[in-house]
Every structure is written in C-alpha cells, then in structure tokens.
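Asks: Just one file: data_24.pdb, with PDB, C-alpha atoms and all ligand atoms.
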ATOM      1  CA  MET A 836       0.000   0.000   0.000
ATOM      2  CA  SER A 837       1.491   3.385  -0.913
ATOM      3  CA  GLY A 838       2.313   5.696   1.972
ATOM      4  CA  THR A 839       2.359   2.901   4.508
ATOM      5  CA  ARG A 840       5.313   1.303   6.217
ATOM      6  CA  LYS A 841       5.983  -2.173   7.437
ATOM      7  CA  VAL A 842       6.521  -2.157  11.176
ATOM      8  CA  SER A 843       7.664  -5.008  13.386
ATOM      9  CA  VAL A 844       7.451  -4.614  17.143
ATOM     10  CA  GLU A 845       8.117  -7.310  19.699
ATOM     11  CA  ILE A 846       5.204  -7.084  22.116
ATOM     12  CA  ASN A 847       5.391  -9.232  25.256
ATOM     13  CA  GLY A 848       7.980 -11.397  23.519
ATOM     14  CA  VAL A 849       5.903 -11.944  20.383
ATOM     15  CA  PRO A 850       6.761 -10.222  17.073
ATOM     16  CA  VAL A 851       3.826  -8.212  15.707
ATOM     17  CA  GLU A 852       4.164  -7.096  12.096
ATOM     18  CA  ALA A 853       1.827  -4.811  10.216
ATOM     19  CA  GLU A 854       1.695  -2.407   7.291
ATOM     20  CA  VAL A 855       0.713   0.890   8.892
ATOM     21  CA  GLU A 856       0.209   4.580   8.208
ATOM     22  CA  PRO A 857       3.232   6.564   9.473
ATOM     23  CA  ARG A 858       0.878   8.572  11.694
ATOM     24  CA  LEU A 859      -0.479   5.515  13.529
ATOM     25  CA  LEU A 860       0.103   5.905  17.252
ATOM     26  CA  LEU A 861       1.875   3.149  19.155
ATOM     27  CA  SER A 862      -1.170   2.932  21.454
ATOM     28  CA  ASP A 863      -3.413   2.199  18.451
ATOM     29  CA  PHE A 864      -0.886  -0.296  17.068
ATOM     30  CA  ILE A 865      -0.949  -2.158  20.386
ATOM     31  CA  ARG A 866      -4.739  -2.104  20.663
ATOM     32  CA  HIS A 867      -5.783  -2.601  17.051
ATOM     33  CA  GLU A 868      -2.931  -4.461  15.337
ATOM     34  CA  ALA A 869      -1.863  -6.612  18.306
ATOM     35  CA  GLY A 870      -5.355  -6.800  19.826
ATOM     36  CA  LEU A 871      -4.032  -6.030  23.316
ATOM     37  CA  THR A 872      -6.730  -3.797  24.734
ATOM     38  CA  GLY A 873      -5.353  -3.745  28.280
ATOM     39  CA  THR A 874      -3.475  -0.598  27.263
ATOM     40  CA  HIS A 875      -6.042   2.150  27.665
ATOM     41  CA  VAL A 876      -6.300   5.442  25.843
ATOM     42  CA  GLY A 877      -7.605   8.428  27.770
ATOM     43  CA  CYS A 878      -6.437  11.895  26.803
ATOM     44  CA  GLU A 879      -4.328  10.899  23.758
ATOM     45  CA  HIS A 880      -1.969  13.784  24.371
ATOM     46  CA  GLY A 881       0.415  12.692  27.081
ATOM     47  CA  VAL A 882      -1.397  13.950  30.183
ATOM     48  CA  CYS A 883      -3.236  11.064  31.884
ATOM     49  CA  GLY A 884      -0.742   8.178  31.701
ATOM     50  CA  ALA A 885      -3.460   5.574  30.980
ATOM     51  CA  CYS A 886      -1.611   4.425  27.851
ATOM     52  CA  THR A 887       1.712   3.754  29.609
ATOM     53  CA  VAL A 888       3.638   0.699  28.426
ATOM     54  CA  GLN A 889       7.282  -0.274  28.815
ATOM     55  CA  LEU A 890       9.607   0.287  25.875
ATOM     56  CA  GLU A 891      12.889  -1.594  26.331
ATOM     57  CA  GLY A 892      11.943  -1.841  30.020
ATOM     58  CA  ARG A 893      11.209   1.837  30.635
ATOM     59  CA  PRO A 894       7.729   3.368  30.973
ATOM     60  CA  VAL A 895       6.578   5.451  27.992
ATOM     61  CA  ARG A 896       3.269   6.991  26.996
ATOM     62  CA  SER A 897       2.248   5.043  23.956
ATOM     63  CA  CYS A 898      -0.030   7.861  22.743
ATOM     64  CA  LEU A 899       3.016  10.092  22.349
ATOM     65  CA  MET A 900       4.872   7.735  20.023
ATOM     66  CA  PHE A 901       4.218   6.614  16.497
ATOM     67  CA  ALA A 902       4.258   2.884  15.844
ATOM     68  CA  VAL A 903       7.073   3.401  13.330
ATOM     69  CA  GLN A 904       9.255   4.754  16.148
ATOM     70  CA  ALA A 905       8.936   1.402  17.927
ATOM     71  CA  ASP A 906       9.974  -0.564  14.828
ATOM     72  CA  GLY A 907      12.514  -3.232  15.809
ATOM     73  CA  ARG A 908      12.077  -2.527  19.510
ATOM     74  CA  SER A 909      10.569  -4.361  22.420
ATOM     75  CA  VAL A 910       7.353  -3.351  24.180
ATOM     76  CA  ARG A 911       5.762  -4.815  27.283
ATOM     77  CA  THR A 912       2.106  -4.279  28.096
ATOM     78  CA  VAL A 913      -0.039  -4.977  31.141
ATOM     79  CA  GLU A 914      -1.043  -8.356  29.675
ATOM     80  CA  ASP A 915       2.516  -9.554  30.384
ATOM     81  CA  LEU A 916       2.566  -8.714  34.109
ATOM     82  CA  ALA A 917       0.793 -11.704  35.628
ATOM     83  CA  PRO A 918       2.988 -14.813  35.761
ATOM     84  CA  SER A 919       0.100 -17.118  34.817
ATOM     85  CA  GLU A 920      -3.636 -17.216  34.099
ATOM     86  CA  THR A 921      -4.336 -17.964  37.748
ATOM     87  CA  GLU A 922      -1.736 -15.815  39.510
ATOM     88  CA  MET A 923      -1.409 -12.060  39.723
ATOM     89  CA  HIS A 924       1.815 -10.078  39.775
ATOM     90  CA  PRO A 925       2.537  -8.878  43.351
ATOM     91  CA  LEU A 926       1.730  -5.324  42.264
ATOM     92  CA  GLN A 927      -1.652  -6.381  40.868
ATOM     93  CA  GLN A 928      -2.317  -8.374  44.044
ATOM     94  CA  ALA A 929      -1.489  -5.357  46.191
ATOM     95  CA  PHE A 930      -3.792  -3.109  44.109
ATOM     96  CA  HIS A 931      -6.531  -5.657  44.691
ATOM     97  CA  GLU A 932      -5.944  -5.909  48.441
ATOM     98  CA  CYS A 933      -5.554  -2.166  49.058
ATOM     99  CA  HIS A 934      -8.585  -1.119  46.959
ATOM    100  CA  ALA A 935      -6.297   0.845  44.671
ATOM    101  CA  LEU A 936      -8.802   0.850  41.822
ATOM    102  CA  GLN A 937     -12.452   1.537  41.252
ATOM    103  CA  CYS A 938     -13.378   1.773  37.561
ATOM    104  CA  GLY A 939      -9.922   0.452  36.642
ATOM    105  CA  PHE A 940      -9.466   2.638  33.584
ATOM    106  CA  CYS A 941      -6.232   4.144  34.869
ATOM    107  CA  THR A 942      -4.893   0.922  36.394
ATOM    108  CA  PRO A 943      -2.851  -0.577  33.514
ATOM    109  CA  GLY A 944      -0.985   2.711  33.162
ATOM    110  CA  PHE A 945      -0.235   2.861  36.882
ATOM    111  CA  LEU A 946       0.973  -0.737  36.925
ATOM    112  CA  MET A 947       3.293  -0.321  33.963
ATOM    113  CA  SER A 948       4.702   2.956  35.334
ATOM    114  CA  ILE A 949       5.328   1.599  38.820
ATOM    115  CA  GLU A 950       6.545  -1.944  38.129
ATOM    116  CA  PRO A 951      10.080  -1.106  36.927
ATOM    117  CA  GLU A 952      10.620   1.123  39.975
ATOM    118  CA  LEU A 953       9.974  -1.503  42.626
ATOM    119  CA  ALA A 954      13.179  -3.563  42.612
ATOM    120  CA  GLY A 955      15.356  -2.486  45.536
ATOM    121  CA  ALA A 956      12.747   0.014  46.773
ATOM    122  CA  ASP A 957      11.459  -1.799  49.851
ATOM    123  CA  GLU A 958      10.964   1.140  52.261
ATOM    124  CA  LEU A 959       9.262   3.891  50.320
ATOM    125  CA  THR A 960       7.920   7.084  51.879
ATOM    126  CA  ASP A 961       4.547   8.501  50.857
ATOM    127  CA  ALA A 962       6.370  11.347  49.123
ATOM    128  CA  GLU A 963       8.520   8.933  47.112
ATOM    129  CA  ILE A 964       5.494   6.927  46.047
ATOM    130  CA  ARG A 965       3.522  10.030  45.087
ATOM    131  CA  GLU A 966       6.500  11.181  43.033
ATOM    132  CA  MET A 967       6.633   7.736  41.377
ATOM    133  CA  VAL A 968       2.958   7.907  40.324
ATOM    134  CA  GLY A 969       2.921  11.645  39.642
ATOM    135  CA  GLY A 970       2.550  11.137  35.897
ATOM    136  CA  ASN A 971      -0.619   9.061  36.156
ATOM    137  CA  LEU A 972      -4.106  10.421  36.787
ATOM    138  CA  CYS A 973      -6.889   8.597  38.594
ATOM    139  CA  ARG A 974     -10.343  10.145  38.754
ATOM    140  CA  CYS A 975     -11.790   7.624  41.220
ATOM    141  CA  THR A 976      -9.610   6.581  44.125
ATOM    142  CA  GLY A 977      -8.133   9.700  45.711
ATOM    143  CA  TYR A 978      -4.736   7.955  45.412
ATOM    144  CA  GLN A 979      -4.473   6.770  49.057
ATOM    145  CA  GLY A 980      -5.152   3.134  48.157
ATOM    146  CA  ILE A 981      -2.637   3.375  45.319
ATOM    147  CA  VAL A 982       0.045   4.682  47.675
ATOM    148  CA  GLU A 983      -0.654   1.828  50.098
ATOM    149  CA  ALA A 984      -0.592  -0.742  47.291
ATOM    150  CA  VAL A 985       2.763   0.448  45.997
ATOM    151  CA  ARG A 986       4.253   0.284  49.486
ATOM    152  CA  LEU A 987       2.891  -3.228  50.043
ATOM    153  CA  ALA A 988       4.065  -4.505  46.656
ATOM    154  CA  ALA A 989       7.524  -3.008  47.082
ATOM    155  CA  ARG A 990       7.863  -4.655  50.475
ATOM    156  CA  ARG A 991       6.752  -8.060  49.214
ATOM    157  CA  ILE A 992       8.818  -7.973  46.025
ATOM    158  CA  ASN A 993      11.971  -7.026  47.854
ATOM    159  CA  GLU A 994      11.382  -9.583  50.624
ATOM    160  CA  LYS A 995      11.017 -12.292  48.028
ATOM    161  CA  GLY A 996      13.686 -10.800  45.769
ATOM    162  CA  HIS A 997      11.771 -11.535  42.555
ATOM    163  CA  ALA A 998      11.020  -8.154  40.993
TER     164      ALA A 998
HETATM  165  S1  LIG B   1      -3.765   8.493  26.676
HETATM  166 FE1  LIG B   1      -1.633   8.691  26.659
HETATM  167  S2  LIG B   1      -1.202  10.016  28.313
HETATM  168 FE2  LIG B   1      -3.379   9.964  28.224
HETATM  169  S1  LIG B   2      -9.847   3.737  39.164
HETATM  170 FE1  LIG B   2     -11.132   4.940  37.887
HETATM  171  S2  LIG B   2      -9.738   6.380  36.996
HETATM  172 FE2  LIG B   2      -8.543   5.306  38.437
END
Before we go any further, please render this structure as structure tokens.
Replies:
Amino acid sequence: MSGTRKVSVEINGVPVEAEVEPRLLLSDFIRHEAGLTGTHVGCEHGVCGACTVQLEGRPVRSCLMFAVQADGRSVRTVEDLAPSETEMHPLQQAFHECHALQCGFCTPGFLMSIEPELAGADELTDAEIREMVGGNLCRCTGYQGIVEAVRLAARRINEKGHA
C-alpha cells in the first residue's frame, strides 16, 4: 500500500508485524494491530498516563509515540505482568488488596509505570510513592489506596527478591 510502512514490534515477547500509516500511534498499534486492549487510551496527548507501556523496560506513553518509532524494539504491556492465568503479579495483588482501583481505567498505566521502579525500593515514603505515580491520573480513588498498594508490593517484592 502506498504511503504505509511495514513495522515489526516485539510485544510481550511476540513479534507483531503490520503495514501501517506513518501517523499511527503506538497505542493504536498495540490495541488494534496486536489486539491487546489492556493498554487504555484516555487523553491521547500525554497527560493522563493511561496508555503507559514499557519500551525496552522503561515506561513510555504510547499515545506520544508513532508505531514506526517502535519498529525493531521491544514493548511490554499490562497483559505480560501476571505470571500465569491464575496468579497475579505482586503489584496487581497489592492493588486488589488495598482497593487501589475503582473503575480500573487508569490501572494498567499505573501498573506499567510503577513496576520497573519496585526492585530495591522496599521502604518507600509517601512522598517517594507520590513522586513515582505523579505522571498518572486517577479520577476515582483519591490515590491513598494506590500509595498503600505500591508500598505493600515493594515490600513483598523485595522480601522475596523476585522483581
Ligand atoms: S492516553 Fe496517553 S497520556 Fe493519556
Ligand atoms: S480507578 Fe477509575 S480512573 Fe482510576
């Protein structure tokens, strides 16, 4: 097709190839080409953090990147967090236990932003946690449950040493 480009992105360890418009956002590539709808799209201009995924292990806002910019690179989405169908990641478990979500729209973005920060961060202050989640907006929870969940997850992950 003229004007399109072939893009290949490794998403959660699986290569996803598609012929796309150069203006296609990475968030839309993930949702529509890879069919991974756990990555949510809220503001679509870099403000809310709902679309956060990990690119080469670091959190990025997938609505601020074009799919072509991720060509040949590795992306991880929220679908890859849980170790199995029946087990949650410690961060997901802590969100569940601490009532850190209500509607859940913001949750994948929070999880993917926080997860890389937890290794070696066992005793976090409220201020450190609020700084860590400062780029993600939640309209439901008032953030207190999220702060508690991050502290609990960090403690458990670093006790077990399996971040
Ligand atoms: S949808 Fe990407 S930051 Fe809001
Ligand atoms: S739980 Fe509804 S926006 Fe965060």
Asks: Of the residues A:Phe901, A:Met947, A:Arg893, A:Glu856, which is the one nearest to Thr874 of chain A, using only C-alpha atoms?
Replies: A:Met947
Asks: For the structure provided, state which residues fall under the PyMOL selection byres (((chain A and resi 875) around 6) and not hetatm), and present them as a list in words.
Replies: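 So the PyMOL selection byres (((chain A and resi 875) around 6) and not hetatm) ends up selecting Gly873, Thr874, Val876, Ala885 and Cys886 of chain A.
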Asks: Residues at most 7 Å from segment 931-936 of chain A, counting all atoms listed in the file, excluding those fewer than 6 positions away in the same chain, as a list in words?
Replies: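 What passes the distance filter is Thr942, Thr976, Gly980, Ile981, Glu983 and Ala984 of chain A.
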Asks: Just give me the gap between atom CA of Tyr978 of chain A and atom CA of Glu879 of chain A in Å, one decimal is fine.
Replies: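 Between atom CA of Tyr978 of chain A and atom CA of Glu879 of chain A the gap is 21.9 Å.
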Asks: Can I get the residues close to ligand LIG 1 (chain B) as a VMD selection string, where close means within 8 Å and we count all atoms listed in the file?
Replies: chain A and resid 862 875 to 887 896 to 899 971
Asks: What is the distance, in Å and to one decimal place, between atom CA of Pro894 of chain A and atom CA of Gly838 of chain A?
Replies: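 One can read the atom CA of Pro894 of chain A to atom CA of Gly838 of chain A distance as 29.6 Å.
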Asks: Report, in Å to a single decimal, how far apart atom CA of Pro857 of chain A and atom CA of Phe945 of chain A are.
Replies: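 These atoms are spaced 27.9 Å apart.
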Asks: Once 3 Å is added on each side, what centre and edge lengths in Å to one decimal does the axis-aligned box around all listed atoms of ligand LIG 2 (chain B) have, as AutoDock Vina command-line options?
Replies:
--center_x -9.8 --center_y 5.1 --center_z 38.1 --size_x 8.6 --size_y 8.6 --size_z 8.2
Asks: Check every protein, DNA and RNA residue against ligand LIG 2 (chain B), keep those with an atom at most 7 Å away (counting only C-alpha atoms and all ligand atoms), and present them as a PyMOL selection string.
Replies: chain A and resi 936-942+972-976
Asks: Residues at most 10 Å from Asn993 of chain A, counting all atoms listed in the file, excluding those fewer than 4 positions away in the same chain, as a list in words?
Replies: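 The residues satisfying every condition are Leu953, Ala954, Gly955, Ala956, Asp957, Glu958, Ala988, Ala989, His997 and Ala998 of chain A.
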Asks: Can you tell me, as a PyMOL selection string, what residues are no more than 8 Å from Phe864 of chain A when counting all atoms listed in the file, ignoring any on the same chain fewer than 5 positions away?
Replies: chain A and resi 859+869+902
Asks: Looking at all atoms listed in the file, which of A:Pro943, A:Ala917, A:Thr912, A:Ile949 is the one that sits closest to Gly848 of chain A?
Replies: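 Among the listed residues, the smallest separation from Gly848 of chain A belongs to A:Thr912.
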Asks: Taking into account only C-alpha atoms, which residue in the set A:Leu987, A:Ile964, A:Leu871, A:Val895 is nearest to Pro925 of chain A?
Replies: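 Counting only C-alpha atoms, the residue closest to Pro925 of chain A is A:Leu987.
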Asks: For the provided coordinates, the residues matched by the PyMOL selection byres (((chain A and resi 844) around 8) and not hetatm) should be stated as JSON, numbers by chain.
Replies: {"A": [842, 843, 845, 846, 850, 851, 852, 905, 906, 907, 908, 909, 910]}
